[in-house]
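S.K.: Pasting in a structure now, in structure tokens, and then I'll have a few things to ask.
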Amino acid sequence: MSHDGVGLRAVMRSVAFLTAGALAVPLLAACSAEDQAGKPVAAQDIAPATRDLIADGGTLRWAVDAVPETLNTFQADADAATSRVAGAVLPSMFRLDPNGRPQANPDYLESAKVVDREPKQVVLYKLNQQAVWSDGREIGAADFAAQWRALSGKDTAYWTARNAGYDRIEKIERGANDLQVKVTFSRPYADWKSLFSPLYPKDVMGTPDTFNDGARRKLKVTAGPFSLKKVDHEDGKVTLTRNPRWWGRPTKLSEIVLRAVPRDERAAALAADKLDLAEIDPSEAERITLAARDKGSTPLQGPGAALTPTKALRSWALAHGSDEEAAGEEISAREKRREALAEYADQQSALRGFAVRKSLEPAYTQLALNGSEGPLADERVRRAVARALDREELAKVVLEPLGLPAVPVGSHLALSGQQAYADNSGALGGQDTAEARALLADAGWVPGGPVKEQKKTEKAAGSEGEQADSADSEESSGDGTYIVGEDNKPAEADREKKKDPKDHSKKQSGQYADEQAGKHLDGKQYGRKEAKEAKRGGAPGAYAPKGTAAPAGAAAGALAKDGKPLTLRFVVPSGPGSESLRAVADRISRMLERVGVRTEMNRVPDDSYFKDHIASGEYDLALYSWPASAYPATDARPIYSKPVPAADGSLTVEQNYTRVGTDQVDQLFDQAIATLDEEEGRSLVRKADARIWAAAGSIPLYQRPQLTAARTNLANTGAFGFQTPVYEDMGFLKKGAQGPQRTEKKDK
């Protein structure tokens, strides 16, 4: 199970999961919004085909992580499968296009726009006159009003996970006719397009009982291209069938079956003809790619008959251990090995009927820096860590082997192609070893300083970290470990002259970050294209046997302050599916070691990684992902808002797990959410992002890869990228029909 991601948009907007005043901010450097937004770094890969090439009928078997516990996307335990079902069976007023931008859905809307701004914001929805629920009733104002009342937050009997936007609505009423819905807001709401997607019938939203329990396992009334037929928890599947009352383009598929299959079992399920479509990890993608390359290979020739690759592999197994050479348990072990090899070969043969469709997810992986305590509570240390990183190199570690463009993410709040995107990383600055060392020196961390002997009473990540580490054979071999660079030698050769020393109180208050963000916004760019050191030494790993000398090129001597070494707890998940995160963490550790920052790598169990470490603040450094949103002013505020002290003295962090925030960022979000001028709103979001960069609480690294295994004759589905799936166009190509040929493009 991979912990590279935290959640999807349906969950992200939850107050339980995620969780602004006048402010003079310099204007962004002159540049058109379109130029800054750019295009998606990688196009979607869905094998597009016109509907006339797609056969009518067929069942698409699509893998999900689990059968959803609830079919209500507004409840706390909603997951990706919940959203997938909702997308197929319920109305959405707006859906995302391939650039991640909201577009009105013509199946439900003729139009939707702001018709009044003063004295209050009024949005008028004109509904498609053919849009009806599966019971024959027209979709109308009663459904909108019921959803608003349920999600407004005023009635605590509704167990809602989120109410963002709905709490700003004052009233909902019928317009000039039954096809018009008039929504009046008590306060301006820029992200009004995010509302009523999905839209549930009043039968679900009308009472707390139907909301809390009625929609968990069934949806009696729907209004999408598909209807919900059955949720089978015992058999691990959800069955969707054609909606006979659907008024839009007829669905090509007869059924969609969402089947729960663990990620590490999906290649076998595909080969066993149990799945047609599945998101997969890089290791499974490599298997399928190799199988496809062997598809046209000539059978190997043997005496008497043609020898296929499968038979050849069986023969190889037999040739490397005959039954006559061993006895007892050895014979049994060899037999099992032969059987395993033969089974693997059979699977490879079956996987030739699949292709790997790849793009980039609308989500990015970040390095989180816990600023609540310890060395990272000092903004200068956080900035030093950030300036030590070569983000392009880190992106290459994950994306280059997959043939995907390794482009670092330049924004916390949007991704390339989305309207709010702009590369604001210049507010922090690119990789610069000398500057990183100068910042650390300014913060009082001296290379080669005296270090007091301290007993290790516990692992940095707690008891669970100890257990996970003990399971790792290399890191916990029993002969002791030490952190690379811990040789305590003098480091005069590596000392750097302090640059632009600042008052310490300014660093702690966040004023320094605001000054740096202001410089960026004034037009001075400190992007990743800054000059880098021509040669940088690096340690081959984070750990080495006790007594091993520090490698050549490593920072000579530990950084220390007040007798304590500068060592950061780096928490990573230990389970399968998180290999890429661990590879990135190792590379980051090497980069930090070059500037004298040591790391203690702590592998923790998957099921406790986020809950017991990230959310609880038991870490210094960690890697996890956030989904991108088309509505960042609403969705991203809880992730970056300044933590607020609670009555018991604890911090209310919402979803700001780095515990780093500023009043200025909060004010910019508040201003962005309240403006109905879209261009001004995007400008405010970009300014907020620049200040988030400058505070160095989290460092965006790369978009996550999106890898999907699909039957070669399956069209209009695969790696969707930003786009909302169009369920009615999915299907299998007619016999003899050929979709567009895929071409591989190499980045220059």
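Please note that chains go A, B, ... in the order of the structure tokens, that every chain numbers its residues from 1, and that ligands are numbered from 1 in the order shown.
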Residues within 10 Å of segment 93-101 of chain A, please, as a PyMOL selection string. Count only C-alpha atoms; anything in the same chain fewer than 4 positions from it doesn't count.
M.R.: chain A and resi 37-41+43-44+87+105-109+111-112+125+127+193-199+362+414-420+628-631+720-726
S.K.: Taking only C-alpha atoms into account, which of A:Gly681, A:Pro262, A:Pro632, A:Pro225 comes nearest Arg245 of chain A?
M.R.: A:Pro225
S.K.: Using atom CA of Lys252 of chain A and atom CA of Asp56 of chain A as the two end points, give the distance in Å to one decimal.
M.R.: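 For atom CA of Lys252 of chain A relative to atom CA of Asp56 of chain A, the distance reads 4.9 Å.
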S.K.: In Å, how far is it from atom CA of Glu173 of chain A to atom CA of Ala142 of chain A?
M.R.: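 Between atom CA of Glu173 of chain A and atom CA of Ala142 of chain A the gap is 8.1 Å.
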S.K.: Which value, in Å to one decimal, gives the distance between atom CA of Tyr158 of chain A and atom CA of Asp77 of chain A?
M.R.: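 About the pair atom CA of Tyr158 of chain A and atom CA of Asp77 of chain A: they are 14.3 Å apart.
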S.K.: Determine, counting only C-alpha atoms, which protein, DNA and RNA residues have an atom within 7 Å of an atom of Thr433 of chain A; residues of the same chain fewer than 4 positions away are not included. Present the result as a PDB file with N, CA, C and O atoms, in the first residue's frame.
M.R.:
ATOM      1  N   ARG A 387      16.975  24.918   0.456  1.00  0.00           N
ATOM      2  CA  ARG A 387      17.996  25.357  -0.496  1.00  0.00           C
ATOM      3  C   ARG A 387      19.026  24.264  -0.777  1.00  0.00           C
ATOM      4  O   ARG A 387      19.773  24.344  -1.760  1.00  0.00           O
ATOM      5  N   ALA A 388      19.078  23.250   0.071  1.00  0.00           N
ATOM      6  CA  ALA A 388      19.999  22.133  -0.160  1.00  0.00           C
ATOM      7  C   ALA A 388      19.467  21.156  -1.194  1.00  0.00           C
ATOM      8  O   ALA A 388      20.212  20.316  -1.703  1.00  0.00           O
ATOM      9  N   ARG A 437      24.351  26.628   3.709  1.00  0.00           N
ATOM     10  CA  ARG A 437      25.305  26.617   4.810  1.00  0.00           C
ATOM     11  C   ARG A 437      25.311  27.966   5.531  1.00  0.00           C
ATOM     12  O   ARG A 437      25.425  28.031   6.763  1.00  0.00           O
ATOM     13  N   VAL A 595      25.431  19.632   3.273  1.00  0.00           N
ATOM     14  CA  VAL A 595      25.491  20.927   3.960  1.00  0.00           C
ATOM     15  C   VAL A 595      25.617  20.747   5.467  1.00  0.00           C
ATOM     16  O   VAL A 595      25.493  21.709   6.227  1.00  0.00           O
TER      17      VAL A 595
END
S.K.: Pick from A:Trp159, A:Trp192, A:Tyr727, A:Phe354: nearest to Glu286 of chain A, with only C-alpha atoms counted?
M.R.: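 Answer, going by the shortest atom-to-atom distance: A:Phe354.
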S.K.: Env of segment 696-701 of chain A: 10 Å cut, atoms = only C-alpha atoms, seq-sep filter 4 positions within chain, self excluded. Answer as a ChimeraX atom specification.
M.R.: /A:364-371,376-377,379-387,389-395,406-413,425,427-428,513,584,621-626,640,656-661,691-692
S.K.: Would you return as an MDAnalysis selection string the members of segment 118-276 of chain A that DSSP assigns to strand (DSSP E) on this structure's backbone?
M.R.: chainID A and resid 122:127 169:174 180:185 226:232 237:242 255:260
S.K.: If we count only C-alpha atoms, what is near segment 670-680 of chain A at a cut-off of 8 Å, once residues fewer than 3 positions away on the same chain are taken out, given as a list in words?
M.R.: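 With the cut-off at 8 Å, the set is Ala20, Gly21, Ala33, Arg187, Pro188, Tyr189, Ala190, Asp191, Ala633, Thr634, Asp666, Gln667, Ser683, Leu684 and Val685 of chain A.
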S.K.: Take the residues from that selection and put them in a file with N, CA, C and O atoms, as a PDB file, in the first residue's frame.
M.R.:
ATOM      1  N   ALA A  20     -10.077  36.959   5.013  1.00  0.00           N
ATOM      2  CA  ALA A  20      -8.892  36.875   5.374  1.00  0.00           C
ATOM      3  C   ALA A  20      -8.629  38.431   5.534  1.00  0.00           C
ATOM      4  O   ALA A  20      -7.763  38.640   5.964  1.00  0.00           O
ATOM      5  N   GLY A  21      -9.286  40.515   5.354  1.00  0.00           N
ATOM      6  CA  GLY A  21      -8.569  41.639   5.846  1.00  0.00           C
ATOM      7  C   GLY A  21      -7.684  42.268   4.801  1.00  0.00           C
ATOM      8  O   GLY A  21      -7.331  41.692   3.817  1.00  0.00           O
ATOM      9  N   ALA A  33      -1.994  35.625 -17.301  1.00  0.00           N
ATOM     10  CA  ALA A  33      -2.392  34.469 -16.508  1.00  0.00           C
ATOM     11  C   ALA A  33      -2.243  33.193 -17.308  1.00  0.00           C
ATOM     12  O   ALA A  33      -1.856  32.160 -16.797  1.00  0.00           O
ATOM     13  N   ARG A 187     -22.570  35.695   1.974  1.00  0.00           N
ATOM     14  CA  ARG A 187     -21.232  36.271   1.790  1.00  0.00           C
ATOM     15  C   ARG A 187     -20.718  35.857   0.419  1.00  0.00           C
ATOM     16  O   ARG A 187     -21.004  34.741  -0.044  1.00  0.00           O
ATOM     17  N   PRO A 188     -19.947  36.708  -0.242  1.00  0.00           N
ATOM     18  CA  PRO A 188     -19.440  36.355  -1.577  1.00  0.00           C
ATOM     19  C   PRO A 188     -18.633  35.059  -1.521  1.00  0.00           C
ATOM     20  O   PRO A 188     -17.890  34.810  -0.569  1.00  0.00           O
ATOM     21  N   TYR A 189     -18.785  34.252  -2.549  1.00  0.00           N
ATOM     22  CA  TYR A 189     -18.089  32.969  -2.604  1.00  0.00           C
ATOM     23  C   TYR A 189     -17.550  32.742  -4.011  1.00  0.00           C
ATOM     24  O   TYR A 189     -18.297  32.452  -4.942  1.00  0.00           O
ATOM     25  N   ALA A 190     -16.231  32.884  -4.154  1.00  0.00           N
ATOM     26  CA  ALA A 190     -15.599  32.780  -5.471  1.00  0.00           C
ATOM     27  C   ALA A 190     -15.699  31.377  -6.051  1.00  0.00           C
ATOM     28  O   ALA A 190     -15.807  31.208  -7.266  1.00  0.00           O
ATOM     29  N   ASP A 191     -15.664  30.363  -5.203  1.00  0.00           N
ATOM     30  CA  ASP A 191     -15.622  28.973  -5.675  1.00  0.00           C
ATOM     31  C   ASP A 191     -17.016  28.342  -5.754  1.00  0.00           C
ATOM     32  O   ASP A 191     -17.193  27.144  -5.508  1.00  0.00           O
ATOM     33  N   ALA A 633      -8.659  28.283  -3.255  1.00  0.00           N
ATOM     34  CA  ALA A 633      -8.983  29.210  -2.168  1.00  0.00           C
ATOM     35  C   ALA A 633      -9.812  28.515  -1.096  1.00  0.00           C
ATOM     36  O   ALA A 633      -9.670  28.801   0.100  1.00  0.00           O
ATOM     37  N   THR A 634     -10.665  27.587  -1.511  1.00  0.00           N
ATOM     38  CA  THR A 634     -11.474  26.819  -0.561  1.00  0.00           C
ATOM     39  C   THR A 634     -10.709  25.623  -0.025  1.00  0.00           C
ATOM     40  O   THR A 634     -10.618  25.402   1.193  1.00  0.00           O
ATOM     41  N   ASP A 666      -3.225  33.585   5.545  1.00  0.00           N
ATOM     42  CA  ASP A 666      -4.641  33.444   5.870  1.00  0.00           C
ATOM     43  C   ASP A 666      -5.454  34.589   5.280  1.00  0.00           C
ATOM     44  O   ASP A 666      -6.548  34.383   4.734  1.00  0.00           O
ATOM     45  N   GLN A 667      -4.936  35.792   5.366  1.00  0.00           N
ATOM     46  CA  GLN A 667      -5.648  36.959   4.839  1.00  0.00           C
ATOM     47  C   GLN A 667      -5.786  36.886   3.322  1.00  0.00           C
ATOM     48  O   GLN A 667      -6.841  37.219   2.763  1.00  0.00           O
ATOM     49  N   SER A 683      -4.731  36.019  -8.859  1.00  0.00           N
ATOM     50  CA  SER A 683      -3.570  36.790  -8.407  1.00  0.00           C
ATOM     51  C   SER A 683      -3.371  36.650  -6.906  1.00  0.00           C
ATOM     52  O   SER A 683      -2.242  36.464  -6.423  1.00  0.00           O
ATOM     53  N   LEU A 684      -4.457  36.684  -6.148  1.00  0.00           N
ATOM     54  CA  LEU A 684      -4.362  36.545  -4.695  1.00  0.00           C
ATOM     55  C   LEU A 684      -3.876  35.151  -4.301  1.00  0.00           C
ATOM     56  O   LEU A 684      -3.076  34.995  -3.371  1.00  0.00           O
ATOM     57  N   VAL A 685      -4.346  34.134  -5.005  1.00  0.00           N
ATOM     58  CA  VAL A 685      -3.903  32.762  -4.725  1.00  0.00           C
ATOM     59  C   VAL A 685      -2.413  32.630  -4.996  1.00  0.00           C
ATOM     60  O   VAL A 685      -1.673  31.991  -4.229  1.00  0.00           O
TER      61      VAL A 685
END
S.K.: Using only C-alpha atoms, which residue out of A:Asp689, A:Ser92, A:Arg603, A:Val114 lies closest to Ser641 of chain A?
M.R.: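 Ranked by minimum distance to Ser641 of chain A, first place goes to A:Asp689.
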